[in-house]
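Coordinates from data-v4.txt are shown below (compact mmCIF, C-alpha atoms).
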# COMPACT_ATOMS: atom_id res chain seq x y z
CA MET V 26 39.41 -122.58 36.92
CA PHE V 27 39.55 -122.70 33.12
CA TYR V 28 43.23 -121.75 33.08
CA VAL V 29 44.00 -124.22 35.88
CA ILE V 30 42.54 -127.05 33.77
CA ILE V 31 44.50 -125.88 30.72
CA ALA V 32 47.68 -125.69 32.80
CA VAL V 33 47.20 -129.24 34.14
CA LEU V 34 46.63 -130.55 30.61
CA ILE V 35 49.72 -128.75 29.29
CA PHE V 36 51.88 -130.14 32.10
CA GLY V 37 50.50 -133.63 31.49
CA VAL V 38 51.17 -133.39 27.75
CA LEU V 39 54.78 -132.34 28.37
CA ILE V 40 55.40 -135.34 30.62
CA ALA V 41 53.64 -137.67 28.17
CA THR V 42 55.82 -136.24 25.40
CA HIS V 43 58.88 -137.24 27.41
CA GLU V 44 57.63 -140.83 27.59
CA LEU V 45 56.79 -140.71 23.87
CA GLY V 46 60.48 -140.05 23.23
CA HIS V 47 61.45 -143.21 25.12
CA PHE V 48 58.73 -145.16 23.34
CA ALA V 49 59.67 -144.06 19.83
CA ALA V 50 63.37 -144.74 20.40
CA ALA V 51 62.67 -148.18 21.91
CA LYS V 52 60.45 -149.18 18.99
CA TRP V 53 63.00 -147.87 16.47
CA LEU V 54 65.82 -149.84 18.10
CA GLY V 55 63.85 -153.06 18.49
CA VAL V 56 63.43 -153.03 22.28
CA LYS V 57 60.16 -154.60 23.43
CA VAL V 58 57.62 -152.18 24.93
CA ASN V 59 54.93 -153.85 27.05
CA GLU V 60 52.76 -150.77 27.54
CA PHE V 61 52.65 -147.14 26.49
CA SER V 62 50.25 -145.05 28.53
CA ILE V 63 49.04 -141.47 28.26
CA GLY V 64 47.89 -140.39 31.70
CA MET V 65 48.14 -142.14 35.05
CA GLY V 66 45.73 -144.01 37.31
CA PRO V 67 42.96 -146.37 36.20
CA ALA V 68 42.67 -147.09 32.50
CA VAL V 69 39.81 -145.39 30.65
CA PHE V 70 40.62 -147.00 27.33
CA SER V 71 43.21 -149.57 26.30
CA ARG V 72 43.95 -151.53 23.17
CA GLU V 73 46.63 -154.08 22.46
CA LYS V 74 48.35 -153.80 19.11
CA GLY V 75 51.11 -156.25 18.40
CA GLU V 76 53.18 -156.74 21.52
CA THR V 77 52.28 -153.36 23.09
CA LEU V 78 49.28 -152.30 25.15
CA TYR V 79 48.27 -148.69 24.42
CA SER V 80 46.33 -146.98 27.21
CA PHE V 81 44.57 -143.75 28.08
CA ARG V 82 44.28 -143.31 31.84
CA ALA V 83 42.07 -141.17 34.01
CA LEU V 84 44.57 -138.67 35.44
CA PRO V 85 46.05 -136.32 32.79
CA ILE V 86 49.33 -135.87 34.62
CA GLY V 87 51.83 -137.66 32.42
CA GLY V 88 52.27 -141.19 31.21
CA TYR V 89 54.80 -143.98 31.05
CA CYS V 90 56.63 -146.32 28.71
CA ALA V 91 57.01 -149.77 30.25
CA MET V 92 59.84 -151.62 28.50
CA GLU V 93 60.50 -155.31 28.99
CA GLY V 94 63.33 -155.87 31.47
CA GLU V 95 63.69 -152.20 32.33
CA ASP V 96 63.70 -152.70 36.10
CA ASP V 97 64.27 -156.43 36.43
CA ASP V 98 66.15 -159.24 34.73
CA SER V 99 64.34 -160.68 31.73
CA ALA V 100 65.27 -163.61 29.53
CA ASP V 101 63.64 -161.96 26.51
CA PRO V 102 66.42 -161.20 23.97
CA ARG V 103 64.64 -157.91 23.14
CA ALA V 104 64.51 -156.75 26.75
CA PHE V 105 65.91 -153.32 27.59
CA GLY V 106 68.43 -154.85 29.99
CA ARG V 107 69.86 -157.04 27.22
CA ALA V 108 70.11 -154.27 24.61
CA ALA V 109 73.49 -152.95 23.49
CA GLY V 110 74.86 -150.06 25.52
CA TRP V 111 74.52 -147.56 22.68
CA LYS V 112 70.86 -148.48 22.25
CA LYS V 113 70.21 -147.96 25.97
CA PHE V 114 71.96 -144.60 25.79
CA ILE V 115 69.79 -143.40 22.89
CA ILE V 116 66.57 -144.62 24.54
CA LEU V 117 67.43 -142.96 27.86
CA CYS V 118 68.33 -139.67 26.16
CA ALA V 119 65.29 -139.71 23.89
CA GLY V 120 62.85 -138.50 26.56
CA ALA V 121 64.85 -135.36 27.31
CA ALA V 122 65.49 -134.84 23.59
CA MET V 123 61.75 -134.96 22.91
CA ASN V 124 61.09 -132.42 25.68
CA PHE V 125 63.73 -130.08 24.27
CA LEU V 126 62.36 -130.50 20.74
CA THR V 127 58.85 -129.75 22.03
CA GLY V 128 60.08 -126.55 23.67
CA LEU V 129 61.94 -125.60 20.49
CA LEU V 130 58.84 -126.11 18.32
CA ILE V 131 56.67 -124.05 20.70
CA LEU V 132 59.21 -121.21 20.62
CA LEU V 133 59.40 -121.39 16.82
CA ALA V 134 55.61 -121.15 16.59
CA LEU V 135 55.71 -118.10 18.86
CA ASN V 136 58.49 -116.45 16.82
CA LEU V 137 56.96 -116.99 13.38
CA PRO V 138 54.52 -114.04 13.57
CA VAL V 139 56.89 -111.53 15.22
CA GLN V 140 57.89 -108.39 13.32
CA GLY V 141 61.38 -107.90 14.78
CA PHE V 142 63.80 -108.98 17.49
CA VAL V 143 64.79 -106.47 20.17
CA LEU V 144 68.35 -106.30 21.56
CA PRO V 145 69.73 -103.85 24.16
CA VAL V 146 72.02 -100.93 23.36
CA ILE V 147 73.55 -98.24 25.56
CA GLN V 148 71.41 -95.14 25.07
CA ASP V 149 72.93 -92.75 27.63
CA PHE V 150 74.28 -92.46 31.17
CA THR V 151 72.39 -91.22 34.22
CA PRO V 152 74.03 -88.07 35.60
CA GLY V 153 75.77 -88.46 38.95
CA PHE V 154 76.79 -92.12 38.51
CA GLY V 155 80.18 -91.31 37.01
CA LEU V 156 79.93 -93.62 34.03
CA GLU V 157 80.54 -91.09 31.27
CA ASP V 158 84.20 -92.14 30.94
CA CYS V 159 83.83 -95.83 31.84
CA GLY V 160 84.55 -97.01 28.30
CA LEU V 161 80.99 -97.62 27.16
CA GLN V 162 79.55 -95.34 24.51
CA PRO V 163 75.99 -94.52 23.44
CA GLY V 164 75.03 -96.83 20.58
CA ASP V 165 77.03 -99.81 21.88
CA GLN V 166 75.08 -103.04 21.45
CA VAL V 167 75.69 -105.24 24.50
CA LEU V 168 76.81 -108.75 23.53
CA SER V 169 77.72 -110.21 26.91
CA VAL V 170 77.94 -109.38 30.63
CA ASP V 171 80.48 -111.22 32.81
CA GLY V 172 80.78 -113.89 30.12
CA HIS V 173 77.02 -114.42 29.79
CA ARG V 174 75.76 -114.05 26.24
CA ILE V 175 72.93 -111.52 25.83
CA TYR V 176 70.32 -113.32 23.76
CA ASN V 177 67.50 -110.81 24.25
CA TYR V 178 66.62 -107.47 25.83
CA SER V 179 65.75 -108.81 29.29
CA ASN V 180 69.04 -110.74 29.59
CA LEU V 181 70.97 -107.51 30.14
CA PHE V 182 68.95 -106.58 33.23
CA LEU V 183 69.13 -110.14 34.60
CA PHE V 184 72.91 -110.35 34.49
CA LEU V 185 73.50 -106.77 35.59
CA SER V 186 71.36 -107.54 38.64
CA ARG V 187 73.57 -110.55 39.44
CA ALA V 188 76.88 -108.76 38.80
CA GLY V 189 79.24 -107.33 41.43
CA GLU V 190 80.66 -103.83 41.62
CA THR V 191 82.91 -104.44 38.61
CA VAL V 192 81.54 -105.84 35.37
CA ASP V 193 83.11 -107.30 32.25
CA VAL V 194 81.18 -106.22 29.17
CA VAL V 195 81.53 -107.06 25.50
CA VAL V 196 79.83 -104.73 23.03
CA GLN V 197 79.51 -104.29 19.30
CA ARG V 198 80.56 -100.80 18.21
CA ASP V 199 80.54 -99.69 14.59
CA GLY V 200 80.52 -103.32 13.47
CA GLU V 201 83.49 -104.31 15.65
CA ARG V 202 83.62 -106.37 18.84
CA VAL V 203 84.98 -104.36 21.80
CA VAL V 204 85.95 -105.99 25.12
CA LEU V 205 85.71 -103.85 28.26
CA GLU V 206 86.97 -105.41 31.50
CA ASP V 207 86.48 -104.48 35.15
CA LEU V 208 84.11 -101.59 34.55
CA TYR V 209 83.32 -100.05 37.94
CA MET V 210 79.57 -99.56 38.06
CA PRO V 211 78.22 -100.43 41.54
CA LEU V 212 74.54 -100.35 42.34
CA GLN V 213 73.57 -96.95 43.76
CA GLN V 214 70.29 -95.75 45.20
CA ALA V 215 68.42 -93.69 42.62
CA GLY V 216 65.25 -92.97 44.60
CA VAL V 217 62.36 -94.83 46.20
CA ASP V 218 59.28 -96.54 44.81
CA GLU V 219 55.64 -95.90 45.71
CA ASN V 220 56.03 -98.08 48.81
CA GLY V 221 59.06 -96.18 50.04
CA GLU V 222 61.47 -98.99 49.14
CA PRO V 223 64.85 -97.90 47.73
CA ILE V 224 65.46 -98.24 43.98
CA TYR V 225 68.98 -99.22 42.97
CA GLN V 226 70.48 -98.63 39.53
CA ARG V 227 73.87 -98.80 37.83
CA GLY V 228 73.45 -95.55 35.93
CA LEU V 229 72.94 -97.02 32.47
CA GLN V 230 70.07 -95.90 30.27
CA ILE V 231 69.21 -98.75 27.95
CA GLY V 232 67.73 -98.37 24.49
CA VAL V 233 67.00 -100.94 21.83
CA THR V 234 68.00 -102.01 18.39
CA VAL V 235 65.56 -104.07 16.33
CA LEU V 236 66.74 -106.82 13.99
CA PRO V 237 64.50 -107.67 11.02
CA ALA V 238 62.31 -110.74 11.36
CA THR V 239 63.78 -112.68 8.45
CA LEU V 240 63.30 -116.45 8.37
CA GLY V 241 66.95 -116.88 9.32
CA ASN V 242 66.57 -114.59 12.33
CA LYS V 243 63.40 -116.37 13.39
CA LEU V 244 65.23 -119.69 13.40
CA LEU V 245 68.28 -118.16 15.08
CA PHE V 246 66.33 -116.45 17.88
CA THR V 247 64.27 -119.59 18.43
CA CYS V 248 67.54 -121.39 19.21
CA TYR V 249 68.65 -118.44 21.34
CA ASP V 250 65.41 -118.58 23.35
CA ALA V 251 65.84 -122.31 23.97
CA LEU V 252 69.47 -121.87 25.04
CA ASP V 253 68.42 -119.00 27.29
CA TYR V 254 65.91 -121.29 29.02
CA VAL V 255 68.59 -123.95 29.50
CA ARG V 256 70.79 -121.30 31.09
CA LEU V 257 67.97 -120.18 33.40
CA VAL V 258 67.62 -123.74 34.66
CA TRP V 259 71.37 -123.94 35.39
CA LEU V 260 71.32 -120.57 37.12
CA SER V 261 68.44 -121.74 39.31
CA LEU V 262 70.27 -124.96 40.17
CA GLY V 263 73.39 -122.95 40.98
CA ASP V 264 71.39 -120.68 43.30
CA LEU V 265 69.93 -123.74 45.01
CA VAL V 266 73.34 -125.35 45.57
CA SER V 267 74.92 -122.09 46.76
CA GLY V 268 72.10 -121.42 49.20
CA GLN V 269 70.83 -118.29 47.46
CA ALA V 270 67.54 -120.16 46.90
CA GLY V 271 65.78 -122.58 49.22
CA ILE V 272 62.93 -125.08 49.32
CA ARG V 273 60.40 -122.24 49.42
CA ASP V 274 61.72 -121.10 46.04
CA LEU V 275 61.09 -124.49 44.41
CA SER V 276 57.81 -125.31 42.68
CA GLY V 277 56.24 -128.69 42.06
CA LEU V 278 53.17 -129.68 40.06
CA VAL V 279 50.87 -127.52 42.22
CA GLY V 280 53.11 -124.45 42.07
CA ILE V 281 53.85 -124.74 38.36
CA THR V 282 50.19 -125.27 37.52
CA ASN V 283 49.17 -122.29 39.65
CA THR V 284 51.85 -120.06 38.09
CA MET V 285 50.86 -121.06 34.58
CA ALA V 286 47.19 -120.40 35.37
CA GLU V 287 48.07 -116.98 36.80
CA VAL V 288 50.05 -116.16 33.66
CA GLY V 289 46.98 -116.88 31.56
CA SER V 290 44.39 -115.20 33.78
CA ASP V 291 46.24 -112.06 34.93
CA PRO V 292 44.56 -109.12 33.12
CA GLU V 293 47.80 -107.10 33.16
CA LEU V 294 50.02 -109.86 31.75
CA SER V 295 47.34 -111.31 29.46
CA PRO V 296 44.78 -108.62 28.56
CA THR V 297 43.41 -110.64 25.62
CA PRO V 298 42.82 -114.38 25.02
CA VAL V 299 45.50 -114.33 22.30
CA MET V 300 48.05 -112.85 24.70
CA ALA V 301 47.01 -115.39 27.36
CA ALA V 302 47.60 -118.22 24.89
CA ARG V 303 51.01 -116.82 23.92
CA ASN V 304 52.10 -116.38 27.53
CA MET V 305 50.99 -119.86 28.54
CA ALA V 306 52.70 -121.35 25.48
CA ASN V 307 55.90 -119.50 26.35
CA PHE V 308 55.71 -120.83 29.90
CA ALA V 309 55.08 -124.32 28.52
CA ALA V 310 58.26 -124.02 26.42
CA LEU V 311 60.20 -123.07 29.56
CA ILE V 312 58.81 -126.10 31.42
CA ALA V 313 59.61 -128.39 28.47
CA VAL V 314 63.25 -127.26 28.41
CA ASN V 315 63.36 -127.47 32.21
CA LEU V 316 62.18 -131.10 32.08
CA ALA V 317 64.83 -131.90 29.48
CA VAL V 318 67.67 -130.48 31.60
CA MET V 319 66.46 -131.86 34.93
CA ASN V 320 65.96 -135.39 33.60
CA LEU V 321 69.55 -135.52 32.38
CA LEU V 322 71.02 -134.65 35.79
CA PRO V 323 73.06 -137.63 37.09
CA LEU V 324 70.67 -138.29 39.97
CA PRO V 325 69.33 -141.73 40.94
CA ALA V 326 65.95 -142.68 39.45
CA LEU V 327 66.23 -140.00 36.74
CA ASP V 328 67.30 -140.74 33.17
CA GLY V 329 70.59 -138.99 33.90
CA GLY V 330 71.24 -141.36 36.81
CA ARG V 331 70.61 -144.37 34.59
CA ILE V 332 72.91 -142.90 31.95
CA PHE V 333 75.57 -142.41 34.64
CA PHE V 334 75.43 -146.10 35.62
CA LEU V 335 75.43 -147.10 31.95
CA LEU V 336 78.65 -145.15 31.36
CA LEU V 337 80.13 -146.38 34.64
CA ASN V 338 79.47 -149.99 33.67
CA GLY V 339 81.04 -149.37 30.28
CA LEU V 340 84.16 -148.02 31.97
CA LEU V 341 84.32 -150.92 34.46
CA LEU V 342 83.87 -153.42 31.65
CA ALA V 343 86.71 -151.83 29.68
CA LEU V 344 89.07 -151.70 32.67
CA PHE V 345 88.18 -154.78 34.71
CA LYS V 346 86.08 -156.94 32.36
CA LYS V 347 83.10 -156.90 34.72
CA LYS V 348 80.10 -154.72 35.56
CA LEU V 349 78.24 -153.75 38.70
CA ASP V 350 75.66 -156.20 39.94
CA PRO V 351 72.33 -154.82 38.60
CA LYS V 352 70.71 -155.25 42.00
CA TYR V 353 73.01 -152.62 43.52
CA GLU V 354 72.09 -150.15 40.83
CA GLY V 355 68.47 -151.00 41.55
CA TYR V 356 68.97 -150.22 45.24
CA VAL V 357 70.46 -146.84 44.38
CA HIS V 358 67.57 -145.96 42.07
CA MET V 359 65.02 -147.10 44.67
CA ALA V 360 66.66 -144.90 47.30
CA GLY V 361 66.82 -142.02 44.84
CA LEU V 362 63.16 -142.45 43.94
CA ALA V 363 62.20 -142.42 47.62
CA ALA V 364 64.24 -139.24 48.16
CA LEU V 365 62.70 -137.55 45.11
CA MET V 366 59.19 -138.47 46.24
CA ALA V 367 59.93 -137.08 49.71
CA LEU V 368 61.25 -133.87 48.13
CA MET V 369 58.17 -133.65 45.90
CA LEU V 370 55.96 -134.02 48.98
CA VAL V 371 57.82 -131.23 50.79
CA VAL V 372 57.67 -128.98 47.73
CA THR V 373 53.97 -129.72 47.23
CA LEU V 374 53.23 -128.83 50.85
CA SER V 375 55.23 -125.64 50.35
CA ASP V 376 53.23 -124.87 47.18
CA VAL V 377 49.96 -125.38 49.03
CA GLY V 378 51.21 -123.19 51.89
CA LYS V 379 52.05 -120.40 49.43
CA LEU V 380 48.58 -120.69 47.87
CA PHE V 381 47.02 -120.06 51.27
CA GLY V 382 49.51 -117.35 52.18
CA ARG V 383 51.43 -119.31 54.81
Could you show the structure in this file as structure tokens?
Amino acid sequence: MFYVIIAVLIFGVLIATHELGHFAAAKWLGVKVNEFSIGMGPAVFSREKGETLYSFRALPIGGYCAMEGEDDDSADPRAFGRAAGWKKFIILCAGAAMNFLTGLLILLALNLPVQGFVLPVIQDFTPGFGLEDCGLQPGDQVLSVDGHRIYNYSNLFLFLSRAGETVDVVVQRDGERVVLEDLYMPLQQAGVDENGEPIYQRGLQIGVTVLPATLGNKLLFTCYDALDYVRLVWLSLGDLVSGQAGIRDLSGLVGITNTMAEVGSDPELSPTPVMAARNMANFAALIAVNLAVMNLLPLPALDGGRIFFLLLNGLLLALFKKKLDPKYEGYVHMAGLAALMALMLVVTLSDVGKLFGR
């Protein structure tokens, strides 16, 4: 239960951080903010300072930034709806930017104490797979697989598992970049596991090279980790669109909270409190980056959907000297919000079903 509470608080802080981005940008650009709330539900504490009401609410599951004229027409000259287009763009992007920055700072904090950064190299070839003359050589450091940059050790196994029978590989050999195309290395059965299930391999034996943990490398690999998380989100979205993943593979608040709690409480993954804290922080960074990417998707009711209409209105104004009626945009966002809430309900029911083994 302790880790469940921590997970809920972390998730709530990440959502509140998103709203803090909108709030800070709105204040900086002179847009009136009626209320900034941390948490949802009934107010536990509130205080008005200047023109803004600051609130702490009972449910630690997020927050909101209520700007004047955000969802309706307002005569106030400092209303969001009357702000210049570039100001709206910055304010709408600020939430995702704050999420991404939060993830970046968490990853930097996790990388500061590390002693080295591990990258994959070809160590040898498994006999019987026929890869001895494929073009790869022991000692090659793998830079990319099928165009996907290898940022860390686990990336190599991820993209080899998604590859077809032929693979394009870029390696670093004796300080030079070597491109190897259409390497034939299909998955072949290499035995069975303890449950009798077949084990498939490509015949590569992977070793490691360790880069020194200089300050420059710590900053560089922090950026790599963040970009890797962005890529994981896009891969997941691609799997969802292509049908390789379904609703059962999605997780909402319940599923994410449960997964984060399991990461912290699993004695194998987190044998010590310090390791539990590191693993939960790493998962929090992944969620922060995920929130940044998802909120910028051009879907109704999300920041990305509002940015889409902002750009569309700018184009219509440039071409035809008029914009869409705001009420039609409002209808689209209302429909999108209803659809998102329905999806969240379905995903939540799926999460609950998985908790009870159904």
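The gap separating CA of His47 (chain V) from CA of Leu322 (chain V) is 16.7 Å, in Å to one decimal.
Relative to CA of Arg227 (chain V), CA of Phe182 (chain V) is found at 10.3 Å.
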Completion exercise
Of V:Leu229, V:Cys248, V:Leu132, V:Val371, the one sitting nearest Asp165 (chain V) when using all atoms listed in the file is V:Leu229
Exercise for the section: Determine, counting only C-alpha atoms, every residue of protein, DNA or RNA that lies within 9 Å of (70.7, -156.5, 35.5) in the file coordinates, then give the result as a ChimeraX atom specification. Expected result: /V:94-99,106-107,349-352,354-355
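Here the residues that fall within 7 Å of (41.8, -142.2, 34.9), using all atoms listed in the file, are given as V:Met65, V:Gly66, V:Pro67, V:Ala68, V:Val69, V:Arg82, V:Ala83, V:Leu84.
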Exercise for the section: Grab the CA of Val258 (chain V) to CA of Ala32 (chain V) distance for me, in Å with one decimal place. Expected result: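 These two atoms are separated by 20.1 Å.
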Under the rule of at most 12 Å, produce a per-residue listing of region 216-278 of chain V near region 183-194 of chain V: chain, number, name, the closest pair of atoms, and the distance in Å, as a Markdown table, using only C-alpha atoms.
| residue | atom | partner | partner_atom | distance |
| --- | --- | --- | --- | --- |
| V:Tyr225 | CA | V:Ser186 | CA | 9.7 |
| V:Gln226 | CA | V:Ser186 | CA | 9.0 |
| V:Arg227 | CA | V:Leu185 | CA | 8.3 |
| V:Gly228 | CA | V:Leu185 | CA | 11.2 |
| V:Leu229 | CA | V:Leu185 | CA | 10.3 |
| V:Ile231 | CA | V:Leu185 | CA | 11.9 |
| V:Asp253 | CA | V:Leu183 | CA | 11.5 |
| V:Arg256 | CA | V:Phe184 | CA | 11.7 |
| V:Leu257 | CA | V:Leu183 | CA | 10.2 |
| V:Leu260 | CA | V:Arg187 | CA | 10.5 |
| V:Asp264 | CA | V:Arg187 | CA | 11.1 |
| V:Gln269 | CA | V:Arg187 | CA | 11.5 |
Handout entry: Distance query region 103-105 of chain V at most 8 Å, all atoms listed in the file, self and fewer than 6 positions along chain excluded, as a ChimeraX atom specification
Key = /V:55-57,92-95,113
Exercise for the section: Rank V:Asp207, V:Glu293, V:Asp250, V:Glu44 by their smallest atom-to-atom distance to Cys118 (chain V), using all atoms listed in the file, and report the top residue only. Expected result: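 Closest to Cys118 (chain V) of all the choices is V:Glu44.
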Problem - Which of V:Pro163, V:Gly241, V:Pro325, V:Pro296 sits closest to Leu365 (chain V) [using all atoms listed in the file] - result: V:Pro325
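Proximity ranking of V:Ile86, V:Pro237, V:Leu262, V:Gly339 relative to Ile30 (chain V) places V:Ile86 first, based on all atoms listed in the file.
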